[in-house]
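Student: Contents of coords_10.cif (mmCIF, N, CA and C atoms) are below:
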data_final
loop_
_atom_site.label_atom_id
_atom_site.label_comp_id
_atom_site.auth_asym_id
_atom_site.auth_seq_id
_atom_site.Cartn_x
_atom_site.Cartn_y
_atom_site.Cartn_z
N MET A 1 16.16 32.82 -17.37
CA MET A 1 16.89 32.33 -16.21
C MET A 1 18.23 31.77 -16.70
N ASN A 2 19.24 31.98 -15.93
CA ASN A 2 20.58 31.48 -16.22
C ASN A 2 20.53 29.95 -16.30
N PRO A 3 20.97 29.34 -17.42
CA PRO A 3 20.90 27.88 -17.56
C PRO A 3 21.68 27.14 -16.47
N ALA A 4 22.81 27.66 -16.05
CA ALA A 4 23.60 27.01 -15.00
C ALA A 4 22.83 27.03 -13.68
N PHE A 5 22.20 28.17 -13.40
CA PHE A 5 21.41 28.28 -12.17
C PHE A 5 20.19 27.35 -12.24
N GLN A 6 19.59 27.25 -13.41
CA GLN A 6 18.44 26.36 -13.59
C GLN A 6 18.85 24.91 -13.34
N ARG A 7 20.03 24.49 -13.83
CA ARG A 7 20.51 23.13 -13.57
C ARG A 7 20.73 22.92 -12.07
N TYR A 8 21.22 23.97 -11.40
CA TYR A 8 21.43 23.88 -9.95
C TYR A 8 20.11 23.64 -9.23
N VAL A 9 19.09 24.39 -9.59
CA VAL A 9 17.77 24.25 -8.97
C VAL A 9 17.18 22.87 -9.27
N GLU A 10 17.29 22.42 -10.50
CA GLU A 10 16.78 21.09 -10.87
C GLU A 10 17.49 19.99 -10.10
N ALA A 11 18.81 20.13 -9.96
CA ALA A 11 19.58 19.12 -9.23
C ALA A 11 19.20 19.11 -7.75
N ALA A 12 18.91 20.26 -7.20
CA ALA A 12 18.55 20.35 -5.78
C ALA A 12 17.13 19.86 -5.52
N SER A 13 16.32 19.76 -6.56
CA SER A 13 14.91 19.39 -6.38
C SER A 13 14.72 18.00 -5.77
N GLY A 14 15.70 17.13 -5.96
CA GLY A 14 15.57 15.77 -5.44
C GLY A 14 14.91 14.82 -6.41
N LEU A 15 14.56 15.29 -7.59
CA LEU A 15 13.89 14.45 -8.57
C LEU A 15 14.87 13.70 -9.46
N THR A 16 16.14 14.06 -9.37
CA THR A 16 17.15 13.35 -10.16
C THR A 16 18.10 12.63 -9.23
N ASN A 17 18.82 11.66 -9.77
CA ASN A 17 19.81 10.93 -8.98
C ASN A 17 21.13 11.69 -9.10
N LEU A 18 21.50 12.42 -8.07
CA LEU A 18 22.64 13.30 -8.12
C LEU A 18 23.83 12.67 -7.41
N THR A 19 24.92 12.51 -8.14
CA THR A 19 26.16 12.03 -7.54
C THR A 19 27.00 13.25 -7.15
N ALA A 20 28.00 13.01 -6.32
CA ALA A 20 28.88 14.10 -5.91
C ALA A 20 29.59 14.70 -7.14
N LYS A 21 29.95 13.84 -8.07
CA LYS A 21 30.62 14.32 -9.28
C LYS A 21 29.71 15.23 -10.08
N LYS A 22 28.46 14.82 -10.24
CA LYS A 22 27.50 15.63 -11.00
C LYS A 22 27.23 16.96 -10.26
N ALA A 23 27.14 16.91 -8.93
CA ALA A 23 26.92 18.13 -8.15
C ALA A 23 28.08 19.10 -8.35
N GLU A 24 29.30 18.56 -8.40
CA GLU A 24 30.47 19.42 -8.61
C GLU A 24 30.43 20.03 -10.01
N GLN A 25 30.00 19.25 -11.01
CA GLN A 25 29.89 19.78 -12.37
C GLN A 25 28.89 20.93 -12.42
N VAL A 26 27.77 20.77 -11.73
CA VAL A 26 26.76 21.83 -11.70
C VAL A 26 27.33 23.07 -11.02
N ALA A 27 28.07 22.89 -9.91
CA ALA A 27 28.68 24.01 -9.20
C ALA A 27 29.70 24.72 -10.09
N ARG A 28 30.50 23.95 -10.82
CA ARG A 28 31.50 24.55 -11.72
C ARG A 28 30.82 25.35 -12.83
N SER A 29 29.68 24.85 -13.33
CA SER A 29 28.98 25.61 -14.38
C SER A 29 28.44 26.93 -13.84
N LEU A 30 28.09 26.96 -12.56
CA LEU A 30 27.66 28.22 -11.94
C LEU A 30 28.83 29.21 -11.89
N VAL A 31 30.00 28.70 -11.55
CA VAL A 31 31.19 29.55 -11.50
C VAL A 31 31.51 30.07 -12.90
N ARG A 32 31.47 29.20 -13.91
CA ARG A 32 31.76 29.60 -15.29
C ARG A 32 30.79 30.66 -15.78
N SER A 33 29.52 30.55 -15.35
CA SER A 33 28.52 31.52 -15.82
C SER A 33 28.61 32.84 -15.06
N GLY A 34 29.43 32.86 -14.00
CA GLY A 34 29.58 34.09 -13.24
C GLY A 34 28.57 34.22 -12.11
N ALA A 35 27.74 33.19 -11.89
CA ALA A 35 26.74 33.25 -10.83
C ALA A 35 27.32 32.91 -9.46
N ALA A 36 28.57 32.42 -9.44
CA ALA A 36 29.22 32.08 -8.17
C ALA A 36 30.72 32.31 -8.30
N ALA A 37 31.37 32.53 -7.16
CA ALA A 37 32.82 32.74 -7.15
C ALA A 37 33.54 31.39 -7.22
N GLY A 38 34.75 31.39 -7.76
CA GLY A 38 35.53 30.17 -7.94
C GLY A 38 35.83 29.44 -6.65
N ASP A 39 35.94 30.16 -5.55
CA ASP A 39 36.26 29.50 -4.27
C ASP A 39 35.02 28.88 -3.61
N GLN A 40 33.89 28.97 -4.26
CA GLN A 40 32.64 28.43 -3.68
C GLN A 40 32.28 27.04 -4.21
N ILE A 41 33.08 26.46 -5.06
CA ILE A 41 32.73 25.19 -5.68
C ILE A 41 32.46 24.11 -4.63
N GLY A 42 33.37 23.95 -3.68
CA GLY A 42 33.19 22.93 -2.64
C GLY A 42 31.95 23.18 -1.81
N GLU A 43 31.74 24.42 -1.42
CA GLU A 43 30.56 24.79 -0.62
C GLU A 43 29.27 24.58 -1.41
N LEU A 44 29.30 24.98 -2.69
CA LEU A 44 28.10 24.79 -3.53
C LEU A 44 27.80 23.30 -3.72
N THR A 45 28.84 22.49 -3.91
CA THR A 45 28.67 21.05 -4.11
C THR A 45 28.02 20.43 -2.87
N GLU A 46 28.56 20.75 -1.69
CA GLU A 46 28.00 20.22 -0.44
C GLU A 46 26.57 20.70 -0.23
N ASP A 47 26.34 21.97 -0.50
CA ASP A 47 25.00 22.53 -0.34
C ASP A 47 24.01 21.85 -1.28
N LEU A 48 24.45 21.63 -2.50
CA LEU A 48 23.58 20.99 -3.49
C LEU A 48 23.23 19.57 -3.06
N MET A 49 24.22 18.81 -2.60
CA MET A 49 23.97 17.44 -2.14
C MET A 49 23.01 17.43 -0.95
N GLU A 50 23.21 18.33 0.00
CA GLU A 50 22.35 18.39 1.19
C GLU A 50 20.92 18.79 0.82
N ARG A 51 20.80 19.80 -0.04
CA ARG A 51 19.45 20.23 -0.46
C ARG A 51 18.72 19.09 -1.18
N GLN A 52 19.47 18.38 -2.04
CA GLN A 52 18.83 17.29 -2.77
C GLN A 52 18.37 16.21 -1.80
N ARG A 53 19.20 15.88 -0.79
CA ARG A 53 18.83 14.86 0.19
C ARG A 53 17.56 15.28 0.95
N ARG A 54 17.52 16.52 1.42
CA ARG A 54 16.34 17.00 2.16
C ARG A 54 15.09 17.04 1.29
N ASN A 55 15.25 17.50 0.05
CA ASN A 55 14.10 17.56 -0.86
C ASN A 55 13.59 16.16 -1.21
N ARG A 56 14.50 15.22 -1.38
CA ARG A 56 14.10 13.85 -1.68
C ARG A 56 13.33 13.25 -0.50
N GLU A 57 13.82 13.49 0.72
CA GLU A 57 13.12 13.00 1.93
C GLU A 57 11.73 13.63 2.04
N ALA A 58 11.66 14.94 1.77
CA ALA A 58 10.36 15.62 1.83
C ALA A 58 9.40 15.07 0.78
N LEU A 59 9.91 14.81 -0.41
CA LEU A 59 9.07 14.26 -1.48
C LEU A 59 8.59 12.86 -1.10
N ALA A 60 9.49 12.03 -0.56
CA ALA A 60 9.10 10.67 -0.15
C ALA A 60 8.04 10.72 0.95
N ALA A 61 8.20 11.64 1.91
CA ALA A 61 7.21 11.78 2.98
C ALA A 61 5.86 12.22 2.42
N PHE A 62 5.90 13.14 1.46
CA PHE A 62 4.66 13.62 0.84
C PHE A 62 3.95 12.50 0.10
N VAL A 63 4.70 11.72 -0.68
CA VAL A 63 4.10 10.61 -1.44
C VAL A 63 3.51 9.59 -0.48
N LYS A 64 4.22 9.28 0.59
CA LYS A 64 3.73 8.31 1.58
C LYS A 64 2.43 8.81 2.22
N LYS A 65 2.42 10.07 2.62
CA LYS A 65 1.23 10.64 3.26
C LYS A 65 0.03 10.63 2.31
N GLU A 66 0.25 11.02 1.07
CA GLU A 66 -0.83 11.04 0.08
C GLU A 66 -1.31 9.63 -0.25
N SER A 67 -0.40 8.67 -0.30
CA SER A 67 -0.79 7.29 -0.56
C SER A 67 -1.65 6.75 0.58
N GLU A 68 -1.25 7.03 1.81
CA GLU A 68 -2.03 6.58 2.96
C GLU A 68 -3.41 7.24 2.97
N ARG A 69 -3.46 8.52 2.58
CA ARG A 69 -4.74 9.23 2.52
C ARG A 69 -5.64 8.60 1.47
N ALA A 70 -5.06 8.27 0.31
CA ALA A 70 -5.85 7.67 -0.78
C ALA A 70 -6.35 6.28 -0.37
N VAL A 71 -5.51 5.50 0.28
CA VAL A 71 -5.91 4.16 0.73
C VAL A 71 -7.04 4.29 1.75
N GLY A 72 -6.91 5.24 2.65
CA GLY A 72 -7.97 5.47 3.64
C GLY A 72 -9.28 5.91 2.99
N ALA A 73 -9.18 6.76 1.97
CA ALA A 73 -10.38 7.24 1.29
C ALA A 73 -11.11 6.11 0.56
N MET A 74 -10.34 5.10 0.12
CA MET A 74 -10.95 3.96 -0.57
C MET A 74 -11.53 2.95 0.40
N GLY A 75 -11.26 3.15 1.68
CA GLY A 75 -11.79 2.22 2.68
C GLY A 75 -10.94 0.97 2.85
N LEU A 76 -9.74 0.97 2.32
CA LEU A 76 -8.85 -0.18 2.45
C LEU A 76 -8.09 -0.10 3.77
N THR A 77 -7.70 -1.24 4.27
CA THR A 77 -6.93 -1.25 5.50
C THR A 77 -5.44 -1.28 5.18
N THR A 78 -4.67 -0.77 6.10
CA THR A 78 -3.22 -0.81 5.94
C THR A 78 -2.71 -2.11 6.55
N ARG A 79 -1.45 -2.42 6.29
CA ARG A 79 -0.85 -3.62 6.88
C ARG A 79 -0.87 -3.51 8.40
N ARG A 80 -0.64 -2.30 8.89
CA ARG A 80 -0.63 -2.08 10.33
C ARG A 80 -2.02 -2.37 10.91
N ASP A 81 -3.07 -1.90 10.25
CA ASP A 81 -4.44 -2.16 10.71
C ASP A 81 -4.74 -3.65 10.70
N GLN A 82 -4.34 -4.31 9.63
CA GLN A 82 -4.60 -5.75 9.51
C GLN A 82 -3.85 -6.53 10.57
N ALA A 83 -2.60 -6.15 10.82
CA ALA A 83 -1.82 -6.84 11.86
C ALA A 83 -2.46 -6.65 13.23
N ALA A 84 -2.97 -5.46 13.50
CA ALA A 84 -3.64 -5.20 14.78
C ALA A 84 -4.89 -6.07 14.91
N LEU A 85 -5.65 -6.20 13.83
CA LEU A 85 -6.85 -7.04 13.87
C LEU A 85 -6.50 -8.51 14.06
N GLU A 86 -5.43 -8.96 13.43
CA GLU A 86 -5.01 -10.36 13.59
C GLU A 86 -4.58 -10.63 15.03
N ARG A 87 -3.87 -9.67 15.64
CA ARG A 87 -3.49 -9.84 17.05
C ARG A 87 -4.73 -9.89 17.94
N ARG A 88 -5.70 -9.07 17.63
CA ARG A 88 -6.94 -9.05 18.41
C ARG A 88 -7.67 -10.39 18.29
N ILE A 89 -7.73 -10.93 17.08
CA ILE A 89 -8.37 -12.24 16.86
C ILE A 89 -7.64 -13.31 17.65
N ASP A 90 -6.31 -13.27 17.61
CA ASP A 90 -5.52 -14.26 18.36
C ASP A 90 -5.82 -14.18 19.85
N ARG A 91 -5.92 -12.96 20.38
CA ARG A 91 -6.23 -12.81 21.81
C ARG A 91 -7.63 -13.32 22.13
N LEU A 92 -8.58 -13.03 21.27
CA LEU A 92 -9.96 -13.49 21.49
C LEU A 92 -10.05 -15.02 21.42
N GLU A 93 -9.34 -15.62 20.46
CA GLU A 93 -9.35 -17.08 20.36
C GLU A 93 -8.71 -17.71 21.59
N ALA A 94 -7.64 -17.11 22.07
CA ALA A 94 -7.00 -17.63 23.28
C ALA A 94 -7.95 -17.53 24.47
N GLU A 95 -8.69 -16.45 24.54
CA GLU A 95 -9.66 -16.27 25.63
C GLU A 95 -10.78 -17.31 25.53
N ILE A 96 -11.25 -17.60 24.33
CA ILE A 96 -12.29 -18.61 24.13
C ILE A 96 -11.78 -19.98 24.56
N ARG A 97 -10.54 -20.32 24.15
CA ARG A 97 -9.96 -21.60 24.55
C ARG A 97 -9.83 -21.68 26.08
N ARG A 98 -9.43 -20.57 26.69
CA ARG A 98 -9.27 -20.54 28.14
C ARG A 98 -10.61 -20.78 28.84
N LEU A 99 -11.68 -20.29 28.24
CA LEU A 99 -13.01 -20.46 28.82
C LEU A 99 -13.62 -21.82 28.46
N GLY A 100 -12.92 -22.62 27.67
CA GLY A 100 -13.40 -23.96 27.36
C GLY A 100 -14.16 -24.08 26.07
N GLY A 101 -14.19 -23.06 25.26
CA GLY A 101 -14.90 -23.12 23.99
C GLY A 101 -13.99 -23.58 22.87
N SER A 102 -14.56 -23.73 21.71
CA SER A 102 -13.81 -24.15 20.53
C SER A 102 -13.60 -22.94 19.64
N THR A 103 -12.44 -22.87 19.01
CA THR A 103 -12.17 -21.77 18.08
C THR A 103 -12.11 -22.28 16.65
N ALA A 104 -12.61 -23.49 16.40
CA ALA A 104 -12.57 -24.03 15.05
C ALA A 104 -13.43 -23.17 14.14
N ARG A 105 -12.86 -22.75 13.06
CA ARG A 105 -13.59 -21.91 12.11
C ARG A 105 -14.21 -22.79 11.03
N LYS A 106 -15.46 -22.54 10.71
CA LYS A 106 -16.12 -23.30 9.66
C LYS A 106 -15.77 -22.68 8.31
N SER A 107 -15.56 -23.54 7.36
CA SER A 107 -15.22 -23.07 6.02
C SER A 107 -16.48 -22.63 5.30
N THR A 108 -16.41 -21.49 4.63
CA THR A 108 -17.56 -21.03 3.86
C THR A 108 -17.80 -21.94 2.67
N ALA A 109 -16.75 -22.58 2.19
CA ALA A 109 -16.92 -23.51 1.07
C ALA A 109 -17.79 -24.69 1.49
N LYS A 110 -17.58 -25.19 2.71
CA LYS A 110 -18.38 -26.31 3.20
C LYS A 110 -19.84 -25.88 3.36
N LYS A 111 -20.06 -24.67 3.84
CA LYS A 111 -21.42 -24.16 4.00
C LYS A 111 -22.12 -24.09 2.65
N ALA A 112 -21.42 -23.60 1.64
CA ALA A 112 -22.02 -23.48 0.31
C ALA A 112 -22.36 -24.85 -0.26
N THR A 113 -21.47 -25.82 -0.08
CA THR A 113 -21.72 -27.18 -0.56
C THR A 113 -22.91 -27.79 0.15
N ALA A 114 -23.01 -27.56 1.46
CA ALA A 114 -24.13 -28.09 2.23
C ALA A 114 -25.45 -27.48 1.75
N LYS A 115 -25.44 -26.19 1.46
CA LYS A 115 -26.66 -25.53 0.97
C LYS A 115 -27.08 -26.11 -0.37
N LYS A 116 -26.12 -26.36 -1.26
CA LYS A 116 -26.43 -26.93 -2.57
C LYS A 116 -27.01 -28.33 -2.42
N ALA A 117 -26.41 -29.11 -1.53
CA ALA A 117 -26.89 -30.48 -1.32
C ALA A 117 -28.32 -30.46 -0.79
N THR A 118 -28.61 -29.56 0.14
CA THR A 118 -29.96 -29.45 0.68
C THR A 118 -30.94 -29.03 -0.40
N ALA A 119 -30.53 -28.11 -1.26
CA ALA A 119 -31.39 -27.67 -2.35
C ALA A 119 -31.67 -28.81 -3.32
N LYS A 120 -30.67 -29.64 -3.61
CA LYS A 120 -30.86 -30.77 -4.52
C LYS A 120 -31.82 -31.79 -3.90
N LYS A 121 -31.71 -32.04 -2.60
CA LYS A 121 -32.61 -32.99 -1.94
C LYS A 121 -34.05 -32.48 -2.00
N ALA A 122 -34.22 -31.17 -1.77
CA ALA A 122 -35.57 -30.59 -1.80
C ALA A 122 -36.15 -30.71 -3.20
N THR A 123 -35.35 -30.47 -4.22
CA THR A 123 -35.81 -30.58 -5.61
C THR A 123 -36.18 -32.03 -5.92
N ALA A 124 -35.37 -32.96 -5.45
CA ALA A 124 -35.64 -34.38 -5.69
C ALA A 124 -36.94 -34.79 -5.01
N LYS A 125 -37.18 -34.31 -3.80
CA LYS A 125 -38.42 -34.63 -3.08
C LYS A 125 -39.62 -34.08 -3.83
N LYS A 126 -39.50 -32.85 -4.36
CA LYS A 126 -40.61 -32.26 -5.10
C LYS A 126 -40.90 -33.07 -6.36
N ALA A 127 -39.85 -33.49 -7.05
CA ALA A 127 -40.03 -34.28 -8.27
C ALA A 127 -40.71 -35.62 -7.95
N THR A 128 -40.31 -36.25 -6.83
CA THR A 128 -40.91 -37.52 -6.43
C THR A 128 -42.38 -37.30 -6.08
N ALA A 129 -42.68 -36.22 -5.39
CA ALA A 129 -44.06 -35.91 -5.01
C ALA A 129 -44.91 -35.67 -6.26
N LYS A 130 -44.36 -34.98 -7.26
CA LYS A 130 -45.10 -34.73 -8.49
C LYS A 130 -45.39 -36.03 -9.22
N LYS A 131 -44.41 -36.94 -9.25
CA LYS A 131 -44.62 -38.23 -9.91
C LYS A 131 -45.70 -39.02 -9.19
N ALA A 132 -45.67 -39.00 -7.87
CA ALA A 132 -46.68 -39.73 -7.11
C ALA A 132 -48.05 -39.16 -7.36
N THR A 133 -48.16 -37.83 -7.42
CA THR A 133 -49.43 -37.18 -7.69
C THR A 133 -49.91 -37.53 -9.08
N ALA A 134 -48.99 -37.55 -10.03
CA ALA A 134 -49.34 -37.87 -11.43
C ALA A 134 -49.84 -39.32 -11.52
N LYS A 135 -49.25 -40.25 -10.80
CA LYS A 135 -49.66 -41.64 -10.84
C LYS A 135 -51.05 -41.79 -10.24
N LYS A 136 -51.33 -41.07 -9.15
CA LYS A 136 -52.63 -41.16 -8.51
C LYS A 136 -53.71 -40.64 -9.44
N SER A 137 -53.42 -39.50 -10.13
CA SER A 137 -54.44 -38.96 -11.01
C SER A 137 -54.63 -39.85 -12.24
N THR A 138 -53.63 -40.55 -12.67
CA THR A 138 -53.72 -41.46 -13.80
C THR A 138 -54.52 -42.71 -13.40
N ALA A 139 -54.34 -43.17 -12.19
CA ALA A 139 -55.02 -44.37 -11.71
C ALA A 139 -56.49 -44.14 -11.58
N LYS A 140 -56.96 -42.98 -11.34
CA LYS A 140 -58.39 -42.72 -11.13
C LYS A 140 -59.13 -42.80 -12.36
#
What does the file become when written as structure tokens?
Tutor:
Amino acid sequence: MNPAFQRYVEAASGLTNLTAKKAEQVARSLVRSGAAAGDQIGELTEDLMERQRRNREALAAFVKKESERAVGAMGLTTRRDQAALERRIDRLEAEIRRLGGSTARKSTAKKATAKKATAKKATAKKATAKKATAKKSTAK
């Protein structure tokens, strides 16, 4: 493949950061290699810039679509999904308040602490009961 033409295709791919100056250099190399006429430099430069812009947009859209598909496959929610759920919660809480209920949320940390405290009390009661049983059997 003609190296000048290959540079043109690579530049149009959208994978490189192409400036107008670089696009013109690529177009001039096509003219030097004989793949384009000298009066086509301006047209080739504009075409190259436009192709690169379209290809970059297409690539960005593809990456976005594939990322969203991968996130969905993992079962993760998007920001949009989470925002919708938060709005729904806000509406439900407002409805509960309107009906006279409370929307106070209990902390899971408080629940865990309460469970531990209850477990400690139960253990302490068992230990006290064992001591009392031991004293009774010793007294006999």
Student: As an exercise, work out the distance from atom CA of Ala70 of chain A to atom CA of Glu86 of chain A in Å and give it to one decimal place.
Tutor: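 It comes out at 23.1 Å.
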Student: Let me have the centre and edge lengths of the axis-aligned box enclosing all listed atoms of segment 32-43 of chain A with 6 Å padding on every side, in Å to one decimal, as JSON.
Tutor:
{"center_x": 31.5, "center_y": 28.6, "center_z": -8.2, "size_x": 21.5, "size_y": 23.3, "size_z": 27.2}
Student: Identify which of the residues A:Ala73, A:Glu46, A:Gly101, A:Ser67 lies closest to Ala20 of chain A, counting only N, CA and C atoms when measuring atom-to-atom distances.
Tutor: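 Once distances to Ala20 of chain A are computed over only N, CA and C atoms, the minimum belongs to A:Glu46.
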Student: In Å, with one decimal, what is the gap from atom CA of Lys21 of chain A to atom CA of Thr45 of chain A?
Tutor: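 Going from atom CA of Lys21 of chain A over to atom CA of Thr45 of chain A, I get 8.7 Å.
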Student: Would you mind reading off the distance between atom CA of Gln52 of chain A and atom CA of Leu18 of chain A, one decimal, in Å?
Tutor: 7.7 Å
